[in-house]
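For reference, protein37.cif is printed below; it contains mmCIF, C-alpha atoms.
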```cif
data_target
loop_
_atom_site.label_atom_id
_atom_site.label_comp_id
_atom_site.auth_asym_id
_atom_site.auth_seq_id
_atom_site.Cartn_x
_atom_site.Cartn_y
_atom_site.Cartn_z
CA MET Y 5 0.00 0.00 0.00
CA ARG Y 6 2.83 2.39 0.87
CA LYS Y 7 4.39 1.72 -2.53
CA ILE Y 8 1.13 2.71 -4.24
CA TYR Y 9 0.98 5.95 -2.22
CA PHE Y 10 4.60 6.71 -3.14
CA ILE Y 11 3.95 6.13 -6.85
CA CYS Y 12 0.89 8.41 -6.69
CA PHE Y 13 2.96 11.06 -4.93
CA ILE Y 14 5.65 10.89 -7.66
CA PHE Y 15 3.00 11.27 -10.38
CA MET Y 16 1.52 14.24 -8.53
CA ILE Y 17 4.92 15.95 -8.21
CA ASN Y 18 5.72 15.30 -11.87
CA GLY Y 19 2.36 16.76 -12.80
CA LEU Y 20 3.03 19.91 -10.80
CA PHE Y 21 6.44 20.35 -12.42
CA ALA Y 22 4.89 19.84 -15.87
CA GLN Y 23 2.25 22.49 -15.12
CA LYS Y 24 4.89 24.96 -13.95
CA LYS Y 25 7.00 24.31 -17.04
CA ASP Y 26 3.97 24.88 -19.30
CA LYS Y 27 3.24 28.18 -17.57
CA LEU Y 28 6.84 29.35 -17.81
CA ASN Y 29 7.09 28.68 -21.54
CA PRO Y 30 5.21 31.84 -22.66
CA ILE Y 31 7.33 33.88 -20.23
CA ASP Y 32 10.50 32.40 -21.71
CA VAL Y 33 9.25 33.37 -25.17
CA TYR Y 34 8.32 36.85 -23.91
CA GLU Y 35 11.86 37.37 -22.59
CA LYS Y 36 13.28 36.02 -25.85
CA ALA Y 37 11.28 38.69 -27.68
CA TRP Y 38 12.82 41.41 -25.53
CA SER Y 39 16.30 40.10 -26.36
CA GLU Y 40 15.70 40.07 -30.13
CA ARG Y 41 17.12 43.14 -31.92
CA LYS Y 42 15.49 42.58 -35.32
CA SER Y 43 11.97 44.02 -35.38
CA ASP Y 44 10.50 41.63 -37.98
CA VAL Y 45 11.91 38.54 -36.27
CA ARG Y 46 10.74 39.82 -32.89
CA LEU Y 47 7.19 40.41 -34.12
CA LYS Y 48 6.93 36.78 -35.22
CA ILE Y 49 8.08 35.70 -31.75
CA ILE Y 50 5.60 38.03 -30.04
CA LYS Y 51 2.67 36.67 -32.06
CA THR Y 52 3.25 33.15 -30.70
CA ILE Y 53 2.40 34.18 -27.11
CA TRP Y 54 0.68 37.58 -27.42
CA LEU Y 55 -2.89 38.32 -28.51
CA GLU Y 56 -4.37 41.48 -30.01
CA GLU Y 57 -6.23 42.00 -26.73
CA SER Y 58 -3.12 41.32 -24.59
CA THR Y 59 -1.90 44.40 -22.70
CA PHE Y 60 1.39 45.73 -21.43
CA GLU Y 61 1.74 48.44 -18.78
CA ASP Y 62 4.78 50.00 -17.14
CA PRO Y 63 5.75 53.58 -16.16
CA SER Y 64 6.67 54.37 -19.79
CA ALA Y 65 3.81 52.78 -21.74
CA SER Y 66 0.27 51.39 -21.71
CA ILE Y 67 -0.50 49.46 -24.89
CA LYS Y 68 -2.55 46.65 -26.41
CA GLY Y 69 -1.76 44.23 -29.23
CA THR Y 70 1.23 42.60 -30.90
CA ALA Y 71 2.40 45.51 -33.07
CA ALA Y 72 2.17 47.92 -30.14
CA LEU Y 73 4.36 45.69 -27.93
CA ASN Y 74 6.87 45.31 -30.75
CA ASN Y 75 6.99 49.11 -31.09
CA VAL Y 76 7.63 49.54 -27.35
CA ILE Y 77 10.64 47.26 -27.63
CA ASN Y 78 11.82 49.05 -30.80
CA GLU Y 79 11.71 52.40 -29.01
CA PHE Y 80 13.60 50.94 -26.06
CA TYR Y 81 16.47 49.77 -28.29
CA LYS Y 82 16.64 53.17 -29.96
CA LYS Y 83 17.41 54.61 -26.55
CA TYR Y 84 19.56 51.73 -25.27
CA PRO Y 85 21.03 49.95 -28.32
CA ASP Y 86 23.50 47.86 -26.28
CA ALA Y 87 21.11 46.82 -23.51
CA VAL Y 88 21.40 43.33 -22.05
CA PHE Y 89 18.57 41.75 -20.06
CA THR Y 90 18.99 39.48 -17.05
CA SER Y 91 16.20 38.01 -14.98
CA GLY Y 92 15.81 36.18 -11.71
CA PRO Y 93 13.84 33.04 -10.80
CA LYS Y 94 10.15 32.93 -11.67
CA VAL Y 95 7.40 32.62 -9.05
CA VAL Y 96 4.32 30.79 -10.36
CA LYS Y 97 0.93 30.89 -8.66
CA ASP Y 98 -2.20 29.78 -10.46
CA ASN Y 99 -2.11 31.63 -13.81
CA TYR Y 100 0.23 34.34 -12.61
CA VAL Y 101 4.01 34.57 -12.92
CA SER Y 102 6.29 37.19 -11.37
CA TRP Y 103 10.04 37.77 -11.56
CA ASP Y 104 12.74 40.39 -11.00
CA TRP Y 105 14.84 41.69 -13.90
CA LYS Y 106 17.77 43.99 -14.58
CA ILE Y 107 18.97 45.75 -17.72
CA LEU Y 108 22.67 46.46 -18.14
CA ASP Y 109 24.55 48.43 -20.78
CA ALA Y 110 27.54 47.30 -22.85
CA LYS Y 111 29.86 48.08 -19.93
CA ASN Y 112 27.67 46.09 -17.52
CA LYS Y 113 26.44 49.22 -15.77
CA LEU Y 114 22.88 49.16 -14.48
CA ILE Y 115 20.34 50.94 -16.71
CA MET Y 116 17.22 49.98 -14.78
CA ALA Y 117 15.70 47.19 -12.75
CA GLY Y 118 12.25 46.13 -11.66
CA ARG Y 119 9.68 43.38 -11.32
CA ASP Y 120 7.13 42.08 -13.83
CA PHE Y 121 3.81 40.40 -13.16
CA ALA Y 122 2.26 38.33 -15.96
CA ARG Y 123 -1.26 36.94 -16.22
CA LEU Y 124 -1.60 33.89 -18.48
CA ASN Y 125 -4.74 32.73 -20.27
CA GLY Y 126 -4.12 29.03 -19.64
CA LYS Y 127 -3.58 28.37 -23.36
CA GLY Y 128 0.12 29.15 -23.55
CA GLN Y 129 -0.37 32.89 -24.11
CA VAL Y 130 0.11 36.06 -22.07
CA SER Y 131 -3.00 38.12 -21.30
CA LYS Y 132 -1.32 40.95 -19.43
CA ILE Y 133 2.07 42.19 -18.27
CA ILE Y 134 2.45 44.83 -15.57
CA GLY Y 135 5.98 46.11 -15.03
CA PHE Y 136 7.22 47.99 -11.96
CA TRP Y 137 10.52 49.86 -11.94
CA ASN Y 138 12.83 49.95 -8.94
CA PRO Y 139 14.73 53.27 -8.94
CA GLU Y 140 16.73 52.22 -5.88
CA ALA Y 141 18.04 48.99 -7.41
CA THR Y 142 21.79 48.42 -7.47
CA LEU Y 143 24.07 45.67 -8.70
CA SER Y 144 24.80 42.95 -6.19
CA GLU Y 145 28.31 42.61 -4.80
CA ALA Y 146 28.78 39.48 -6.93
CA GLU Y 147 27.70 41.38 -10.06
CA ILE Y 148 30.01 44.27 -9.25
CA LEU Y 149 32.96 41.93 -8.79
CA SER Y 150 32.07 40.05 -11.98
CA ASN Y 151 31.97 43.34 -13.92
CA LEU Y 152 35.28 44.38 -12.42
CA GLU Y 153 36.84 41.05 -13.36
CA THR Y 154 35.57 41.36 -16.93
CA GLU Y 155 36.96 44.89 -17.23
CA ASN Y 156 40.31 43.87 -15.75
CA PHE Y 157 40.55 40.94 -18.17
CA LYS Y 158 39.94 43.34 -21.08
CA ILE Y 159 42.71 45.68 -19.92
CA VAL Y 160 45.24 42.88 -19.48
CA ALA Y 161 44.25 41.35 -22.83
CA GLN Y 162 44.81 44.73 -24.52
CA TYR Y 163 48.22 45.01 -22.85
CA TYR Y 164 49.15 41.50 -23.98
CA GLU Y 165 48.00 42.22 -27.55
CA SER Y 166 49.91 45.51 -27.66
CA LEU Y 167 53.16 44.02 -26.33
CA PHE Y 168 53.32 40.64 -28.03
CA LYS Y 169 51.22 41.02 -31.17
CA THR Y 170 50.96 44.57 -32.52
CA ARG Y 171 53.94 46.13 -30.70
CA ASP Y 172 51.77 49.21 -30.28
CA PHE Y 173 53.37 51.07 -27.39
CA THR Y 174 51.14 54.10 -27.91
CA ALA Y 175 48.04 52.01 -27.21
CA MET Y 176 49.81 50.29 -24.33
CA ALA Y 177 50.73 53.60 -22.67
CA HIS Y 178 47.03 54.39 -22.13
CA LEU Y 179 46.66 51.21 -20.06
CA ILE Y 180 49.46 51.99 -17.62
CA GLU Y 181 49.03 54.11 -14.48
CA GLU Y 182 51.57 56.89 -14.00
CA GLY Y 183 54.36 55.59 -11.78
CA ALA Y 184 53.39 51.95 -12.33
CA ILE Y 185 56.04 49.43 -11.29
CA TYR Y 186 57.42 46.53 -13.31
CA ASN Y 187 59.45 44.05 -11.25
CA GLN Y 188 61.61 41.96 -13.57
CA ALA Y 189 63.63 39.06 -12.11
CA GLU Y 190 67.04 40.32 -10.93
CA GLY Y 191 68.81 37.28 -12.38
CA LEU Y 192 67.95 38.27 -15.94
CA PRO Y 193 70.29 40.52 -17.98
CA TYR Y 194 67.44 43.05 -18.23
CA GLY Y 195 66.19 42.50 -14.66
CA GLY Y 196 65.36 45.09 -12.02
CA LYS Y 197 62.61 47.39 -10.83
CA PHE Y 198 61.24 49.83 -13.42
CA THR Y 199 58.99 52.72 -12.46
CA GLY Y 200 56.83 54.48 -15.04
CA PHE Y 201 56.03 53.47 -18.59
CA ASN Y 202 59.09 55.18 -20.11
CA GLU Y 203 61.32 52.95 -17.99
CA TRP Y 204 59.26 49.93 -19.01
CA VAL Y 205 59.94 50.71 -22.66
CA LYS Y 206 63.68 50.85 -22.00
CA MET Y 207 63.44 47.43 -20.33
CA TYR Y 208 61.53 46.01 -23.31
CA ALA Y 209 64.19 47.36 -25.66
CA LYS Y 210 67.00 45.85 -23.61
CA SER Y 211 65.29 42.44 -23.46
CA ALA Y 212 65.00 42.52 -27.26
CA GLU Y 213 68.81 42.64 -27.45
CA PHE Y 214 68.95 39.11 -26.03
CA PHE Y 215 66.18 37.13 -27.69
CA ASP Y 216 63.35 36.97 -30.19
CA LEU Y 217 60.12 35.29 -29.21
CA GLU Y 218 56.91 33.87 -30.53
CA ILE Y 219 53.87 32.82 -28.55
CA GLU Y 220 53.73 29.05 -28.25
CA LYS Y 221 50.63 28.86 -26.06
CA GLU Y 222 48.15 31.72 -25.70
CA PRO Y 223 47.44 32.91 -22.15
CA VAL Y 224 44.97 31.48 -19.69
CA TYR Y 225 43.44 34.15 -17.43
CA PHE Y 226 42.87 33.95 -13.69
CA SER Y 227 41.53 36.64 -11.40
CA ASP Y 228 40.80 37.73 -7.87
CA ALA Y 229 38.57 40.76 -8.40
CA THR Y 230 38.45 41.48 -4.66
CA LYS Y 231 42.17 42.23 -4.89
CA ASN Y 232 42.05 43.86 -8.34
CA GLU Y 233 44.52 41.25 -9.53
CA VAL Y 234 44.79 39.30 -12.79
CA ILE Y 235 47.22 36.46 -13.49
CA ILE Y 236 47.94 35.12 -16.95
CA TYR Y 237 49.79 31.92 -17.76
CA PHE Y 238 51.30 31.40 -21.21
CA THR Y 239 54.32 29.90 -22.98
CA ILE Y 240 56.81 31.61 -25.26
CA LYS Y 241 59.32 30.09 -27.63
CA ALA Y 242 62.50 32.14 -27.29
CA LYS Y 243 65.46 32.25 -29.65
CA ALA Y 244 68.69 33.53 -28.06
CA LYS Y 245 70.46 36.06 -30.27
CA LYS Y 246 73.93 35.10 -29.03
CA SER Y 247 73.69 31.34 -29.54
CA GLY Y 248 70.76 30.86 -31.91
CA LYS Y 249 69.37 28.24 -29.52
CA THR Y 250 65.64 28.00 -28.81
CA LEU Y 251 63.83 27.35 -25.57
CA SER Y 252 60.18 27.01 -24.55
CA VAL Y 253 59.52 29.11 -21.46
CA PRO Y 254 56.30 28.92 -19.39
CA ILE Y 255 55.60 32.31 -17.81
CA SER Y 256 53.00 33.68 -15.43
CA GLU Y 257 52.51 37.43 -15.14
CA HIS Y 258 50.78 39.00 -12.15
CA PHE Y 259 48.96 42.28 -12.77
CA ASP Y 260 47.71 44.74 -10.17
CA LEU Y 261 45.02 47.15 -11.41
CA LYS Y 262 43.20 50.18 -10.09
CA ASN Y 263 40.51 52.33 -11.69
CA GLY Y 264 40.96 50.71 -15.09
CA LYS Y 265 44.75 51.04 -15.19
CA ILE Y 266 47.64 48.64 -14.64
CA THR Y 267 49.62 49.68 -11.57
CA ALA Y 268 52.16 46.85 -11.35
CA ILE Y 269 53.40 43.76 -13.19
CA ARG Y 270 55.58 40.96 -11.90
CA PRO Y 271 56.47 38.09 -14.29
CA PHE Y 272 57.51 34.67 -13.01
CA TYR Y 273 59.52 32.30 -15.22
CA PHE Y 274 59.30 28.55 -14.79
CA ASP Y 275 63.08 28.41 -14.31
CA THR Y 276 64.61 31.89 -14.13
CA LYS Y 277 68.17 30.60 -13.73
CA GLN Y 278 67.90 28.35 -16.78
CA PHE Y 279 66.41 31.18 -18.84
CA ALA Y 280 69.15 33.62 -17.80
CA GLU Y 281 71.87 31.10 -18.70
CA PHE Y 282 70.13 30.43 -22.01
CA LEU Y 283 70.15 34.15 -22.88
CA LYS Y 284 73.83 34.53 -22.02
CA SER Y 285 75.02 31.35 -23.71
CA LYS Y 286 77.23 31.58 -26.79
CA LYS Y 287 77.51 29.38 -29.88
#
```

Just give me the structure as structure tokens.
Amino acid sequence: MRKIYFICFIFMINGLFAQKKDKLNPIDVYEKAWSERKSDVRLKIIKTIWLEESTFEDPSASIKGTAALNNVINEFYKKYPDAVFTSGPKVVKDNYVSWDWKILDAKNKLIMAGRDFARLNGKGQVSKIIGFWNPEATLSEAEILSNLETENFKIVAQYYESLFKTRDFTAMAHLIEEGAIYNQAEGLPYGGKFTGFNEWVKMYAKSAEFFDLEIEKEPVYFSDATKNEVIIYFTIKAKAKKSGKTLSVPISEHFDLKNGKITAIRPFYFDTKQFAEFLKSKK
């Protein structure tokens, strides 16, 4: 008897999950419509879950019908062309669904946030959406750190590209904080502490007297946004100018950043002594 009760309970739970999934489908489609940039494509999406008598209301608009909703979204993208939507978990009760949402710009800064309430018609379509804006909304600490990490990765990637690929020191200079410090291993023939970008350039020039390099393995990025730190790990293939010998050298570089600028770099070589001897070796 207990087994029968258990089986009935499982069927009941599965049924509830299936009902919730069915009710969330039109909301998923609705959010997909808001993420679609192309007006004609979006209108086709809207028509699958929106009726001519369906209504949308928020502080900026009060409309009815598919074309009107499509126009609201068109006008939004004219104002915020790079907007990105994110939404939280959905709460389903009877034929109503509610959820929180945020809209960020291309730099992951908050444009607006709020909460939507949807009424469904029970046939896979939305009867009404009411949107409330939250003017006091802010990004969570996790979102702020994630944005900071993304920005720091971009800065370090630009530095890496400028130094190893394009050799564009003009572009690189804009990434470096005034008075930034580069700590190069003392055991290297171009080692030492270099303060300010002009001194960095002199160090780069001196290193070029000893070897040519090509990237053997592109960098892997690591980060601790709470410390404004990025670490990259990559491998170069170096050719010593004195001996003509080649050597693969794994390197990690530790970057400190502040306010969108690099304030310090410290590279670590897999075997600094071996690399120094390789650079000084003769034919």

Within 9 Å of Arg41 in chain Y, counting all atoms listed in the file, which residues show up once you throw out same-chain ones fewer than 6 positions away? Write them as a PDB file with C-alpha atoms, keeping the file's coordinate frame, please.
```
ATOM      1  CA  ILE Y  77      10.640  47.260 -27.630  1.00  0.00           C
ATOM      2  CA  ASN Y  78      11.820  49.050 -30.800  1.00  0.00           C
ATOM      3  CA  TYR Y  81      16.470  49.770 -28.290  1.00  0.00           C
ATOM      4  CA  PRO Y  85      21.030  49.950 -28.320  1.00  0.00           C
TER       5      PRO Y  85
END
```

Margin query: Quick check on the file I pasted: which residues fall under the PyMOL selection byres ((chain Y and resi 131) around 8)? Write them as an MDAnalysis selection string.
Written below: chainID Y and resid 54:55 57:59 122:125 129:130 132:133

Need the shell around Asp275 in chain Y: protein/DNA/RNA residues with any atom at most 9 Å away, counting only C-alpha atoms. Skip same-chain ones fewer than 3 positions apart. Format as a PDB file with C-alpha atoms, keeping the file's coordinate frame?
```pdb
ATOM      1  CA  VAL Y 253      59.520  29.110 -21.460  1.00  0.00           C
ATOM      2  CA  PRO Y 254      56.300  28.920 -19.390  1.00  0.00           C
ATOM      3  CA  PHE Y 272      57.510  34.670 -13.010  1.00  0.00           C
ATOM      4  CA  GLN Y 278      67.900  28.350 -16.780  1.00  0.00           C
ATOM      5  CA  PHE Y 279      66.410  31.180 -18.840  1.00  0.00           C
ATOM      6  CA  ALA Y 280      69.150  33.620 -17.800  1.00  0.00           C
TER       7      ALA Y 280
END
```

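Using only C-alpha atoms, the smallest distance between any of Y:Ala72, Y:Phe80, Y:Lys245, Y:Ile31 and Leu47 in chain Y comes from Y:Ala72.
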
Note to self: Selection in question (the file shown): the PyMOL selection byres ((chain Y and resi 139) around 9). Which residues does it include, as a ChimeraX atom specification?
What the structure shows: /Y:116-118,137-138,140-142

Notebook entry, point to check: Mind pulling up the distance from CA of Met176 in chain Y to CA of Gln162 in chain Y?
Noted result: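 Rounded to one decimal, the two atoms are 7.5 Å apart.
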
Notebook entry, point to check: Can you tell me how far CA of Glu213 in chain Y sits from CA of Lys197 in chain Y, in Å to one decimal?
Noted result: 18.4 Å

Checklist line | Distance in Å - CA of Thr174 in chain Y versus CA of Lys210 in chain Y | finding: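 A separation of 18.4 Å between them.
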
Notebook entry, point to check: Using all atoms listed in the file, which residue out of Y:Ile235, Y:Leu251, Y:Val160, Y:Ala71 lies closest to Gly264 in chain Y?
Noted result: Y:Val160

Note to self: On this structure, the PyMOL selection byres ((chain Y and resi 40) around 12) would catch which residues? List them as a VMD selection string, sorted by chain and number.
What the structure shows: chain Y and resid 33 to 39 41 to 50 74 77 to 78 80 to 81 85 to 89

Write the residues you've just listed into a file as a PDB file, in the frame of the given file, and include C-alpha atoms for each of them.
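So selection_26.pdb came out as:
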```
ATOM      1  CA  VAL Y  33       9.250  33.370 -25.170  1.00  0.00           C
ATOM      2  CA  TYR Y  34       8.320  36.850 -23.910  1.00  0.00           C
ATOM      3  CA  GLU Y  35      11.860  37.370 -22.590  1.00  0.00           C
ATOM      4  CA  LYS Y  36      13.280  36.020 -25.850  1.00  0.00           C
ATOM      5  CA  ALA Y  37      11.280  38.690 -27.680  1.00  0.00           C
ATOM      6  CA  TRP Y  38      12.820  41.410 -25.530  1.00  0.00           C
ATOM      7  CA  SER Y  39      16.300  40.100 -26.360  1.00  0.00           C
ATOM      8  CA  ARG Y  41      17.120  43.140 -31.920  1.00  0.00           C
ATOM      9  CA  LYS Y  42      15.490  42.580 -35.320  1.00  0.00           C
ATOM     10  CA  SER Y  43      11.970  44.020 -35.380  1.00  0.00           C
ATOM     11  CA  ASP Y  44      10.500  41.630 -37.980  1.00  0.00           C
ATOM     12  CA  VAL Y  45      11.910  38.540 -36.270  1.00  0.00           C
ATOM     13  CA  ARG Y  46      10.740  39.820 -32.890  1.00  0.00           C
ATOM     14  CA  LEU Y  47       7.190  40.410 -34.120  1.00  0.00           C
ATOM     15  CA  LYS Y  48       6.930  36.780 -35.220  1.00  0.00           C
ATOM     16  CA  ILE Y  49       8.080  35.700 -31.750  1.00  0.00           C
ATOM     17  CA  ILE Y  50       5.600  38.030 -30.040  1.00  0.00           C
ATOM     18  CA  ASN Y  74       6.870  45.310 -30.750  1.00  0.00           C
ATOM     19  CA  ILE Y  77      10.640  47.260 -27.630  1.00  0.00           C
ATOM     20  CA  ASN Y  78      11.820  49.050 -30.800  1.00  0.00           C
ATOM     21  CA  PHE Y  80      13.600  50.940 -26.060  1.00  0.00           C
ATOM     22  CA  TYR Y  81      16.470  49.770 -28.290  1.00  0.00           C
ATOM     23  CA  PRO Y  85      21.030  49.950 -28.320  1.00  0.00           C
ATOM     24  CA  ASP Y  86      23.500  47.860 -26.280  1.00  0.00           C
ATOM     25  CA  ALA Y  87      21.110  46.820 -23.510  1.00  0.00           C
ATOM     26  CA  VAL Y  88      21.400  43.330 -22.050  1.00  0.00           C
ATOM     27  CA  PHE Y  89      18.570  41.750 -20.060  1.00  0.00           C
TER      28      PHE Y  89
END
```

Next item on the list: Would you list the contacts of Ile148 in chain Y as a ChimeraX atom specification, taking every protein, DNA or RNA residue within 12 Å and counting only C-alpha atoms, but skipping same-chain residues closer than 2 positions in sequence?
Entry: /Y:108,111-114,142-146,150-155,229-230
